[in-house]
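Written out below as structure tokens is the structure these notes cover.
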Amino acid sequence: MISLIRGKLVKIRKLQFHNMMLPYYFLSPAAILFLVFLLYPILNVVYFSFQHYNPSAFYGNGPAGFENYINILTGNKRFVNAFLTSLKWILSEVSLQLLFGLVVALLLNQKFHGRALVRSLIFAPWALSGVIVSILWSLLYNEHIGLINDVLMRLSLIKKPVAWLGTLQTVFPAVVAAELWRGIPFFAISLLAALQSVPDELYESCSIDGGGALWKFFAITLPYIKDTIILTTLLRSVWEFNSVDLIMNLTGGGPANHTTTLSVYIANLAIKNQEFGYGSAVAIVSFLFLLIFAATYLHFSKFGEESL
């Protein structure tokens, strides 16, 4: 009798353990993929950041200790210039994309004939890959056959074709404009979704109290979409900081490193120079900067706190 009871208890415990582990069984494929395709590469980058590793070099490879990090943090001019270019790139892109994206979202939130078609056209650039966008804009900027030069010359705004991607004065604004065209739809989509969650009763009450369009925007619309603005600007800042495809295809970081951001600098170190050790150290420093920036930004922006 006692053995029978013990057997039943063992079966019950096994069943309880099985039920407890069942969610982990379902999560295990995703966990394995995470370990293989995300955690392992991260650990690999951390390992190489403490190494001198250049596969094309016949000597000099081996442990570096903190030498790579010391070189980065003790006045490496190329790193400093790339870091400043990254900040300039992020501030230009995120602020302009947010501004134009908000304007587009406000317009698309209005009721008008053919709104669905206009929304589809506005959101189309977001569906294109960076390589396709870079090819498109390289043709538009082409000094000899580019549409932009042709239109500007027909309007008598310029007298001769401009090498938009080959001139120091125009290359950075030109690349910013190309990325701006691709990035606006992200803000437009996100902010439009947030705008549609604002109750119409608030606008009606504001109108009854004599509030105009500006008062409605600053007193109702902005507080309701504040968290969306904070989250989208943070995500876009991280994405733009890591943006490589468009800049690499349009300019390769040139001319004279005028468009060399940290991500492009890392790509050049790894692909062109094959300095995987030093490049990995730069990547780790970039990651730590983004981590600190994200935590600070969320703290001071009071993300998730009630605004109304």
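Ordered as shown in the structure tokens, chains take letters A, B, and onward, while each chain numbers its residues from 1 and ligands are numbered from 1 in the order shown.
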Polymer residues at most 9 Å from A:Arg182, only C-alpha atoms, same-chain spacing of 4 or more positions, as a list in words: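 Answer for this query is Ala124, Pro125, Trp126, Ala127, Leu128, Gly130, Val133, Ala177, Ala178 and Phe186 of chain A.
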Residue neighbourhood A:Ala294, 10 Å, only C-alpha atoms, exclusion window fewer than 5 positions, as a list in words: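 Contacts, in chain order: Leu234, Leu235, Ser237, Val238, Leu288, Phe289 and His299 of chain A.
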Please produce an output containing N, CA and C atoms for each residue in the selection, written as a short mmCIF file (atom, residue, chain, number, x, y, z; two decimals), in the first residue's frame.
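Generated output (out23.cif):
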data_model
loop_
_atom_site.label_atom_id
_atom_site.label_comp_id
_atom_site.auth_asym_id
_atom_site.auth_seq_id
_atom_site.Cartn_x
_atom_site.Cartn_y
_atom_site.Cartn_z
N LEU A 234 14.39 57.21 -29.81
CA LEU A 234 15.44 56.37 -29.25
C LEU A 234 15.80 55.25 -30.23
N LEU A 235 14.80 54.57 -30.75
CA LEU A 235 15.05 53.49 -31.70
C LEU A 235 15.76 54.01 -32.95
N SER A 237 17.56 56.69 -33.24
CA SER A 237 18.92 57.12 -32.92
C SER A 237 19.88 55.94 -32.93
N VAL A 238 19.44 54.83 -32.35
CA VAL A 238 20.28 53.63 -32.33
C VAL A 238 20.48 53.10 -33.75
N LEU A 288 28.81 50.39 -25.65
CA LEU A 288 28.71 50.97 -24.30
C LEU A 288 28.17 52.38 -24.36
N PHE A 289 28.58 53.15 -25.36
CA PHE A 289 28.04 54.50 -25.52
C PHE A 289 26.54 54.46 -25.76
N HIS A 299 15.69 57.92 -18.84
CA HIS A 299 15.55 58.46 -17.47
C HIS A 299 15.10 59.91 -17.51
#
DSSP strand (DSSP E or B) selection over stretch 43-270 of chain A, as a list in words: Gln51, His52, Gly62 and Pro63 of chain A
Write to file, as a PDB file, in the first residue's frame, the residues of the selection just made, with C-alpha atoms.
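Resulting contents of result.pdb:
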ATOM      1  CA  GLN A  51      43.568  40.700 -29.376  1.00  0.00           C
ATOM      2  CA  HIS A  52      45.820  41.918 -32.160  1.00  0.00           C
ATOM      3  CA  GLY A  62      48.244  37.770 -30.328  1.00  0.00           C
ATOM      4  CA  PRO A  63      46.930  39.023 -26.998  1.00  0.00           C
TER       5      PRO A  63
END
Filtered DSSP result for stretch 52-287 of chain A, state alpha helix (DSSP H), as a PyMOL selection string: chain A and resi 67-73+77-108+115-127+130-141+147-154+171-195+200-208+213-216+222-241+245-250+262-267+276-287
Mind dumping a table of every stretch 71-109 of chain A residue within 9 Å of stretch 189-198 of chain A, with the nearest atom pair and its distance in Å to one decimal, using only C-alpha atoms, sorted by chain and rising number, as a Markdown table?
| residue | atom | partner | partner_atom | distance |
| --- | --- | --- | --- | --- |
| A:Gly101 | CA | A:Leu191 | CA | 7.6 |
| A:Leu102 | CA | A:Leu191 | CA | 6.5 |
| A:Val104 | CA | A:Leu192 | CA | 8.5 |
| A:Ala105 | CA | A:Leu192 | CA | 4.8 |
| A:Leu106 | CA | A:Leu192 | CA | 7.1 |
| A:Leu108 | CA | A:Leu192 | CA | 7.3 |
| A:Asn109 | CA | A:Leu192 | CA | 6.4 |
Residues near A:Ala281, cut-off 7 Å, only C-alpha atoms, skip fewer than 6 positions along chain, as a PyMOL selection string: chain A and resi 49+68-69
Point-to-point distance from atom CA of A:Leu155 to atom CA of A:Pro173, Å rounded to tenths: 20.6 Å
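Reported to one decimal place, the separation of atom CA of A:Thr260 from atom CA of A:Ile158 is 27.8 Å.
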A:Ala267, A:Leu291, A:Leu262, A:Leu140 ranked by distance to A:Phe83, top pick (using only C-alpha atoms): A:Leu262
Among the residues A:Phe100, A:Trp89, A:Trp215, A:Tyr224, the one that comes closest to A:Asn242 [using only C-alpha atoms]: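 Of A:Phe100, A:Trp89, A:Trp215, A:Tyr224, the one nearest A:Asn242, counting only C-alpha atoms, is A:Trp89.
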